[in-house]
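Colleague: This is the structure, below, for whatever I ask next.
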Amino acid sequence: MSGIELSFKLNGQTVEVAVDPGALLVDLLRENFGLTGTKAGCRQGECGACTVLVDGEAYNSCLFPALKVQGREVTTIEGLQKADGSLDPVQEAFMEAGAAQCGFCTPGMIMNAKALLSRNPNPDENEIRTALSGVLCRCTGYRKIVQAVKNVASDRQP
Amino acid sequence: MSQAFKELHWRSDIPLKEYLVPETLQQALKILGQYKGRARVIAGGTDVIVELRKRDYEVEALVDISRIPGVGGIELHGDKIVLGGLATHAQVAASHLIRERAGLLASACAAMGSPQIRNIATVAGNLVTGRPAADASIPLLALDAQATVASADGERIIPLREFFLDLGKTVVDPSREILTHIEFKPLRLDQGGTFLRLSKRRAMSLPMLVCAVVVTVDKTRQFITEAAIALGPVAPVPFRDTHTENLIKGKPATLQTLHEAAESTCLKCSPRGSLLRGSSDYRQEMVKVLVKRGLRKALEQAGCTL
């Protein structure tokens, strides 16, 4: 089957690709672009490990038809790294707080935290917990993860 | 590897011949007409994609209506609130208008799914999917909302009470029709409305029970003049307990009346036992608690002292 032409901005660069009409964003990112930081977990919108940003908002890429991103801007965990190789403050904060065990949910946690912090630079604990409520960590608790996001917020205070 | 694991976790593109993104409603309806039932409308897609991957049904084409201008928005038109078919749960939950004038719907939309799901899942889609516990459908049913549905034959307006036919089945045929907007009257000062949800966790959980109540009281704030009680999932479709509503109409706004309402509702519905949602006995008891609590909060909101 010949694919449908799809053009969108991926981590800052315009890309063009032919996709199957039934392709999902998570597979497009992982298999066509090799961006395996976006994890395919439950594939039904429960676990949130596949979260990416589309035009700055967090969505589950496993439920997102690839063709919905036509002309839009997609950011994955790989897109947070700056050109000089340095990490995003949220990534740094997760490392400093030790907010990862197996790491499978971490990209989802970080992408949801990014979406939160971009619309609300100084969230309280409740807002952080709500923003992360769509990502499941099965290693252990969420305390260090929440703490990491809090640390980013407080670092931004003047 | 088990079949179930493969089905859920393996890469499986949805077998589709086309994914179409029309720019107008007319175009969308025309495409649906051309496919004669072999295409389906997709908006947010959070239900449709899961259903297609599970092969609940198969289609040749998806018609993505999310880029049609004028089908979104949340506005006050005259004495009615109009929700566009593309309004998402996140937009409704955050809307000042909805929070101020129909708080029960805002609460329901904020409780559904996860932030990522709420960012894209539409309230109209929540109705069309036709699940008996669909969070947004319960308060909309209590608010006596109406849905406007467009098809190649024109528009029709359907009161939500006549909207749900069976488990997963509504009067809207998503291979032919598009739910363009939902209308309802905002709560007045002599009214109160509440939404209550019982679930095992606060996030990412199916509700064990959902209850929405709207009450109207008289000028003295002593008597109930109208009541609407909607519950889910206690039947194959979202349930409106008209029997109990009639029973408490005209009665004083007292704890005794709430007690009678709770006992009456409990007799009128029979929630099934389910591993996910709790035992039948437990849920039957909890129906009473939710109805009583919901009515009480709604009456207090309307200015009654109980």
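Residue names in the structure tokens use chain letters A, B, ... in the order shown, residue numbers from 1 in each chain, and ligand numbers from 1 in the order shown.
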Please provide as a PyMOL selection string all residues within 6 Å of range 36-46 of chain A, with the sequence filter that same-chain residues fewer than 5 positions apart are discarded (counting only C-alpha atoms).
Modeller: (chain A and resi 30+62) or (chain B and resi 50)
Colleague: May I have the residues of chain B within 8 Å of chain A, counting only C-alpha atoms, written as a ChimeraX atom specification?
Modeller: /B:8-9,11,13-19,45-46,49-50,113-117,119-120,203-204
Colleague: Mind checking which residues fall within 10 Å of Glu260 in chain B, counting only C-alpha atoms, ignoring those fewer than 2 positions away in the same chain, and posting them as a list of chain:residue names?
Modeller: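 The residues satisfying every condition are B:Thr244, B:Leu247, B:Ile248, B:Leu255, B:Gln256, B:Thr257, B:Leu258, B:Ala262, B:Glu263, B:Ser264, B:Thr265, B:Cys266, B:Lys288, B:Lys292.
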Colleague: For the selection just defined, write its residues with N, CA and C atoms to a file, as an mmCIF file, in the first residue's frame.
Modeller:
data_model
loop_
_atom_site.group_PDB
_atom_site.id
_atom_site.type_symbol
_atom_site.label_atom_id
_atom_site.label_comp_id
_atom_site.auth_asym_id
_atom_site.auth_seq_id
_atom_site.Cartn_x
_atom_site.Cartn_y
_atom_site.Cartn_z
ATOM 1 N N THR B 244 -37.817 8.388 41.130
ATOM 2 C CA THR B 244 -37.416 9.101 42.350
ATOM 3 C C THR B 244 -37.556 10.612 42.177
ATOM 4 N N LEU B 247 -41.007 11.385 42.823
ATOM 5 C CA LEU B 247 -41.316 11.141 44.223
ATOM 6 C C LEU B 247 -40.974 12.336 45.112
ATOM 7 N N ILE B 248 -39.841 12.998 44.828
ATOM 8 C CA ILE B 248 -39.414 14.082 45.725
ATOM 9 C C ILE B 248 -39.868 15.467 45.256
ATOM 10 N N LEU B 255 -33.690 16.251 55.420
ATOM 11 C CA LEU B 255 -32.922 15.005 55.410
ATOM 12 C C LEU B 255 -33.853 13.808 55.199
ATOM 13 N N GLN B 256 -35.076 13.918 55.716
ATOM 14 C CA GLN B 256 -36.049 12.843 55.549
ATOM 15 C C GLN B 256 -36.324 12.610 54.059
ATOM 16 N N THR B 257 -36.488 13.680 53.310
ATOM 17 C CA THR B 257 -36.727 13.559 51.865
ATOM 18 C C THR B 257 -35.528 12.912 51.179
ATOM 19 N N LEU B 258 -34.325 13.307 51.579
ATOM 20 C CA LEU B 258 -33.121 12.727 50.978
ATOM 21 C C LEU B 258 -33.076 11.223 51.245
ATOM 22 N N ALA B 262 -33.003 8.273 48.455
ATOM 23 C CA ALA B 262 -31.940 7.269 48.390
ATOM 24 C C ALA B 262 -32.524 5.859 48.348
ATOM 25 N N GLU B 263 -33.502 5.603 49.221
ATOM 26 C CA GLU B 263 -34.116 4.266 49.268
ATOM 27 C C GLU B 263 -34.829 3.962 47.946
ATOM 28 N N SER B 264 -35.491 4.950 47.400
ATOM 29 C CA SER B 264 -36.229 4.763 46.150
ATOM 30 C C SER B 264 -35.282 4.463 44.994
ATOM 31 N N THR B 265 -34.203 5.246 44.882
ATOM 32 C CA THR B 265 -33.247 5.028 43.787
ATOM 33 C C THR B 265 -32.642 3.636 43.886
ATOM 34 N N CYS B 266 -32.334 3.245 45.107
ATOM 35 C CA CYS B 266 -31.720 1.944 45.336
ATOM 36 C C CYS B 266 -32.615 0.826 44.798
ATOM 37 N N LYS B 288 -27.176 4.645 47.313
ATOM 38 C CA LYS B 288 -27.923 5.430 48.306
ATOM 39 C C LYS B 288 -27.074 6.589 48.821
ATOM 40 N N LYS B 292 -27.969 10.540 48.184
ATOM 41 C CA LYS B 292 -28.240 11.371 49.355
ATOM 42 C C LYS B 292 -27.244 12.538 49.405
#
Colleague: Take CA of Asn11 in chain A and CA of Leu87 in chain A and report the distance between them in Å, one decimal.
Modeller: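 So the answer is 14.1 Å.
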Colleague: Can you pull out every residue from range 14-51 of chain A that DSSP, working from the backbone, puts in helix (DSSP H, G or I), and format the result as a count of residues only?
Modeller: 8
Colleague: Within range 45-255 of chain B, find each residue whose DSSP state, derived from the backbone, is strand (DSSP E or B), and express the selection as a PyMOL selection string.
Modeller: chain B and resi 61-64+74-77+80-84+88+122+146-151+154-159+164-166+169-170+178-184+191-198+209-217+223-232+239-240+252
Colleague: Kindly export the residues of the current selection with C-alpha atoms, as a PDB file, in the first residue's frame.
Modeller:
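Wrote part-v9.pdb, looks like this:
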ATOM      1  CA  ALA B  61     -11.549   4.855   6.150  1.00  0.00           C
ATOM      2  CA  LEU B  62     -11.437   7.213   9.093  1.00  0.00           C
ATOM      3  CA  VAL B  63     -12.837  10.697   8.596  1.00  0.00           C
ATOM      4  CA  ASP B  64     -10.978  13.010  10.978  1.00  0.00           C
ATOM      5  CA  ILE B  74     -17.838  26.628  24.472  1.00  0.00           C
ATOM      6  CA  GLU B  75     -20.237  29.566  24.405  1.00  0.00           C
ATOM      7  CA  LEU B  76     -23.293  31.106  25.955  1.00  0.00           C
ATOM      8  CA  HIS B  77     -25.945  31.650  23.265  1.00  0.00           C
ATOM      9  CA  LYS B  80     -28.195  28.186  26.531  1.00  0.00           C
ATOM     10  CA  ILE B  81     -24.646  26.933  26.829  1.00  0.00           C
ATOM     11  CA  VAL B  82     -23.438  25.476  23.550  1.00  0.00           C
ATOM     12  CA  LEU B  83     -20.547  23.003  23.500  1.00  0.00           C
ATOM     13  CA  GLY B  84     -19.037  22.417  20.090  1.00  0.00           C
ATOM     14  CA  THR B  88     -12.340  18.475  24.721  1.00  0.00           C
ATOM     15  CA  THR B 122     -14.063  15.227  23.100  1.00  0.00           C
ATOM     16  CA  GLN B 146     -29.741  18.112  23.716  1.00  0.00           C
ATOM     17  CA  ALA B 147     -27.422  16.934  20.973  1.00  0.00           C
ATOM     18  CA  THR B 148     -27.474  18.273  17.425  1.00  0.00           C
ATOM     19  CA  VAL B 149     -26.499  15.686  14.857  1.00  0.00           C
ATOM     20  CA  ALA B 150     -25.724  16.486  11.223  1.00  0.00           C
ATOM     21  CA  SER B 151     -26.040  14.052   8.362  1.00  0.00           C
ATOM     22  CA  GLY B 154     -29.887  17.572   7.394  1.00  0.00           C
ATOM     23  CA  GLU B 155     -29.813  18.211  11.115  1.00  0.00           C
ATOM     24  CA  ARG B 156     -31.731  16.636  13.937  1.00  0.00           C
ATOM     25  CA  ILE B 157     -31.890  17.552  17.588  1.00  0.00           C
ATOM     26  CA  ILE B 158     -32.066  14.746  20.109  1.00  0.00           C
ATOM     27  CA  PRO B 159     -32.735  15.128  23.834  1.00  0.00           C
ATOM     28  CA  PHE B 164     -28.636   6.174  24.524  1.00  0.00           C
ATOM     29  CA  LEU B 165     -30.007   2.929  23.104  1.00  0.00           C
ATOM     30  CA  ASP B 166     -27.872   0.135  24.491  1.00  0.00           C
ATOM     31  CA  LYS B 169     -25.044   2.106  21.019  1.00  0.00           C
ATOM     32  CA  THR B 170     -26.618   5.534  20.635  1.00  0.00           C
ATOM     33  CA  ILE B 178     -21.565  13.903  13.085  1.00  0.00           C
ATOM     34  CA  LEU B 179     -22.514  15.241  16.517  1.00  0.00           C
ATOM     35  CA  THR B 180     -21.916  18.950  15.921  1.00  0.00           C
ATOM     36  CA  HIS B 181     -22.952  20.437  19.231  1.00  0.00           C
ATOM     37  CA  ILE B 182     -24.491  19.908  22.643  1.00  0.00           C
ATOM     38  CA  GLU B 183     -26.811  22.446  24.288  1.00  0.00           C
ATOM     39  CA  PHE B 184     -28.159  22.852  27.790  1.00  0.00           C
ATOM     40  CA  GLN B 191     -30.892  25.542  41.248  1.00  0.00           C
ATOM     41  CA  GLY B 192     -27.988  23.437  42.445  1.00  0.00           C
ATOM     42  CA  GLY B 193     -26.012  20.744  40.706  1.00  0.00           C
ATOM     43  CA  THR B 194     -23.444  18.186  41.812  1.00  0.00           C
ATOM     44  CA  PHE B 195     -21.319  15.463  40.337  1.00  0.00           C
ATOM     45  CA  LEU B 196     -20.020  12.638  42.514  1.00  0.00           C
ATOM     46  CA  ARG B 197     -17.703   9.856  41.440  1.00  0.00           C
ATOM     47  CA  LEU B 198     -16.708   6.751  43.341  1.00  0.00           C
ATOM     48  CA  LEU B 209     -20.343   4.708  40.317  1.00  0.00           C
ATOM     49  CA  VAL B 210     -21.054   8.141  38.929  1.00  0.00           C
ATOM     50  CA  CYS B 211     -23.939  10.300  40.114  1.00  0.00           C
ATOM     51  CA  ALA B 212     -25.115  13.708  38.914  1.00  0.00           C
ATOM     52  CA  VAL B 213     -27.930  15.666  40.501  1.00  0.00           C
ATOM     53  CA  VAL B 214     -29.689  18.894  39.544  1.00  0.00           C
ATOM     54  CA  VAL B 215     -32.352  20.337  41.839  1.00  0.00           C
ATOM     55  CA  THR B 216     -34.643  23.351  41.631  1.00  0.00           C
ATOM     56  CA  VAL B 217     -36.154  24.858  44.765  1.00  0.00           C
ATOM     57  CA  PHE B 223     -39.311  22.864  48.903  1.00  0.00           C
ATOM     58  CA  ILE B 224     -37.950  20.908  45.981  1.00  0.00           C
ATOM     59  CA  THR B 225     -39.810  21.871  42.807  1.00  0.00           C
ATOM     60  CA  GLU B 226     -37.794  19.853  40.283  1.00  0.00           C
ATOM     61  CA  ALA B 227     -35.099  17.198  40.517  1.00  0.00           C
ATOM     62  CA  ALA B 228     -32.935  15.325  38.055  1.00  0.00           C
ATOM     63  CA  ILE B 229     -30.940  12.289  39.156  1.00  0.00           C
ATOM     64  CA  ALA B 230     -28.603  10.561  36.723  1.00  0.00           C
ATOM     65  CA  LEU B 231     -26.468   7.516  37.515  1.00  0.00           C
ATOM     66  CA  GLY B 232     -23.941   5.294  35.845  1.00  0.00           C
ATOM     67  CA  PHE B 239     -29.666   5.996  33.822  1.00  0.00           C
ATOM     68  CA  ARG B 240     -32.135   8.737  34.732  1.00  0.00           C
ATOM     69  CA  PRO B 252     -39.629  19.684  51.677  1.00  0.00           C
TER      70      PRO B 252
END
Colleague: Using only C-alpha atoms, determine which residues lie at most 12 Å from Lys82 in chain A, disregarding the query and same-chain residues fewer than 6 positions distant; provide the list as a CSV table (one decimal) with C-alpha atoms, in the first residue's frame.
Modeller:
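And here is the file that came out, out.csv:
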chain,number,residue,atom,x,y,z
A,11,ASN,CA,12.1,18.2,17.3
A,12,GLY,CA,12.6,21.5,15.5
A,88,ASP,CA,16.9,20.2,29.6
A,89,PRO,CA,16.5,21.5,33.2
A,91,GLN,CA,16.1,16.1,32.7
Colleague: Just the number, please: distance in Å from CA of Asn126 in chain A to CA of Val74 in chain A, one decimal.
Modeller: 27.1 Å
Colleague: CA of Asn151 in chain A to CA of Ala83 in chain A: how many Å, to one decimal?
Modeller: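 Those two atoms sit 23.8 Å apart.
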Colleague: Tell me which of A:Val152, A:Arg143, A:Arg138, A:Cys50 sits closest to Pro107 in chain A, counting only C-alpha atoms.
Modeller: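 The answer is A:Cys50, which sits nearest to Pro107 in chain A.
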Colleague: Which neighbours of Arg99 in chain B fall inside 12 Å, counting only C-alpha atoms, when residues of the same chain fewer than 4 positions from it are skipped, and could you give them as number ranges by chain?
Modeller: B: 74, 81, 91-95, 103-110, 186-187, 193-194
Colleague: Please write the residues from the selection above to a file, keeping N, CA and C atoms, as an mmCIF file, in the first residue's frame.
Modeller:
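To be explicit, this is the file written out as result_8.cif:
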data_model
loop_
_atom_site.group_PDB
_atom_site.id
_atom_site.type_symbol
_atom_site.label_atom_id
_atom_site.label_comp_id
_atom_site.auth_asym_id
_atom_site.auth_seq_id
_atom_site.Cartn_x
_atom_site.Cartn_y
_atom_site.Cartn_z
ATOM 1 N N ILE B 74 -16.921 26.776 23.345
ATOM 2 C CA ILE B 74 -17.838 26.628 24.472
ATOM 3 C C ILE B 74 -18.403 28.014 24.690
ATOM 4 N N ILE B 81 -26.074 27.166 27.024
ATOM 5 C CA ILE B 81 -24.646 26.933 26.829
ATOM 6 C C ILE B 81 -24.512 25.974 25.654
ATOM 7 N N GLN B 91 -10.761 21.297 27.860
ATOM 8 C CA GLN B 91 -11.319 22.634 27.614
ATOM 9 C C GLN B 91 -12.562 22.873 28.463
ATOM 10 N N VAL B 92 -13.430 21.859 28.550
ATOM 11 C CA VAL B 92 -14.660 22.019 29.332
ATOM 12 C C VAL B 92 -14.322 22.151 30.816
ATOM 13 N N ALA B 93 -13.368 21.338 31.291
ATOM 14 C CA ALA B 93 -12.999 21.385 32.708
ATOM 15 C C ALA B 93 -12.393 22.736 33.077
ATOM 16 N N ALA B 94 -11.704 23.376 32.115
ATOM 17 C CA ALA B 94 -11.028 24.639 32.407
ATOM 18 C C ALA B 94 -11.900 25.858 32.116
ATOM 19 N N SER B 95 -13.018 25.659 31.425
ATOM 20 C CA SER B 95 -13.851 26.782 30.997
ATOM 21 C C SER B 95 -14.502 27.506 32.184
ATOM 22 N N GLY B 103 -21.121 23.658 37.049
ATOM 23 C CA GLY B 103 -19.941 23.095 37.714
ATOM 24 C C GLY B 103 -19.889 21.580 37.702
ATOM 25 N N LEU B 104 -21.067 20.947 37.726
ATOM 26 C CA LEU B 104 -21.075 19.483 37.751
ATOM 27 C C LEU B 104 -20.451 18.895 36.491
ATOM 28 N N LEU B 105 -20.625 19.569 35.369
ATOM 29 C CA LEU B 105 -20.029 19.073 34.118
ATOM 30 C C LEU B 105 -18.514 19.298 34.125
ATOM 31 N N ALA B 106 -18.071 20.440 34.668
ATOM 32 C CA ALA B 106 -16.633 20.705 34.756
ATOM 33 C C ALA B 106 -15.962 19.647 35.630
ATOM 34 N N SER B 107 -16.596 19.309 36.766
ATOM 35 C CA SER B 107 -16.020 18.299 37.658
ATOM 36 C C SER B 107 -15.908 16.954 36.960
ATOM 37 N N ALA B 108 -16.950 16.590 36.223
ATOM 38 C CA ALA B 108 -16.950 15.305 35.529
ATOM 39 C C ALA B 108 -15.838 15.252 34.491
ATOM 40 N N CYS B 109 -15.681 16.345 33.750
ATOM 41 C CA CYS B 109 -14.670 16.355 32.686
ATOM 42 C C CYS B 109 -13.266 16.324 33.275
ATOM 43 N N ALA B 110 -13.104 16.906 34.473
ATOM 44 C CA ALA B 110 -11.788 16.914 35.112
ATOM 45 C C ALA B 110 -11.447 15.540 35.680
ATOM 46 N N PRO B 186 -27.790 26.744 31.515
ATOM 47 C CA PRO B 186 -26.939 26.844 32.708
ATOM 48 C C PRO B 186 -27.795 26.822 33.971
ATOM 49 N N LEU B 187 -27.193 26.476 35.094
ATOM 50 C CA LEU B 187 -27.930 26.439 36.357
ATOM 51 C C LEU B 187 -28.330 27.856 36.756
ATOM 52 N N GLY B 193 -26.386 21.942 41.445
ATOM 53 C CA GLY B 193 -26.012 20.744 40.706
ATOM 54 C C GLY B 193 -24.726 20.154 41.237
ATOM 55 N N THR B 194 -24.676 18.827 41.333
ATOM 56 C CA THR B 194 -23.444 18.186 41.812
ATOM 57 C C THR B 194 -23.099 16.972 40.971
#
Colleague: When you look at Ala152 in chain B with a cut-off of 9 Å (counting only C-alpha atoms), what residues show up, excluding the ones that are within fewer than 3 positions of it in the same chain? I need them as a JSON list (two decimals) with N, CA and C atoms, in the first residue's frame.
Modeller:
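The resulting file, out-v9.json, is shown below:
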[["chain", "number", "residue", "atom", "x", "y", "z"],
["B", 26, "GLN", "N", -19.63, 19.90, 5.38],
["B", 26, "GLN", "CA", -20.26, 19.38, 4.17],
["B", 26, "GLN", "C", -19.37, 18.32, 3.52],
["B", 29, "LEU", "N", -19.44, 15.08, 5.54],
["B", 29, "LEU", "CA", -20.67, 14.32, 5.35],
["B", 29, "LEU", "C", -20.70, 13.67, 3.97],
["B", 30, "LYS", "N", -20.14, 14.39, 2.99],
["B", 30, "LYS", "CA", -20.11, 13.86, 1.63],
["B", 30, "LYS", "C", -19.23, 12.60, 1.57],
["B", 32, "LEU", "N", -18.48, 10.62, 4.05],
["B", 32, "LEU", "CA", -19.16, 9.53, 4.76],
["B", 32, "LEU", "C", -20.22, 8.90, 3.85],
["B", 33, "GLY", "N", -20.92, 9.76, 3.11],
["B", 33, "GLY", "CA", -21.93, 9.27, 2.17],
["B", 33, "GLY", "C", -21.33, 8.36, 1.11],
["B", 155, "GLU", "N", -30.14, 18.24, 9.69],
["B", 155, "GLU", "CA", -29.81, 18.21, 11.11],
["B", 155, "GLU", "C", -30.97, 17.65, 11.91],
["B", 176, "ARG", "N", -22.12, 7.71, 9.45],
["B", 176, "ARG", "CA", -22.99, 8.52, 8.59],
["B", 176, "ARG", "C", -23.22, 9.92, 9.15],
["B", 177, "GLU", "N", -23.09, 10.04, 10.46],
["B", 177, "GLU", "CA", -23.51, 11.29, 11.12],
["B", 177, "GLU", "C", -22.41, 11.89, 11.98]]
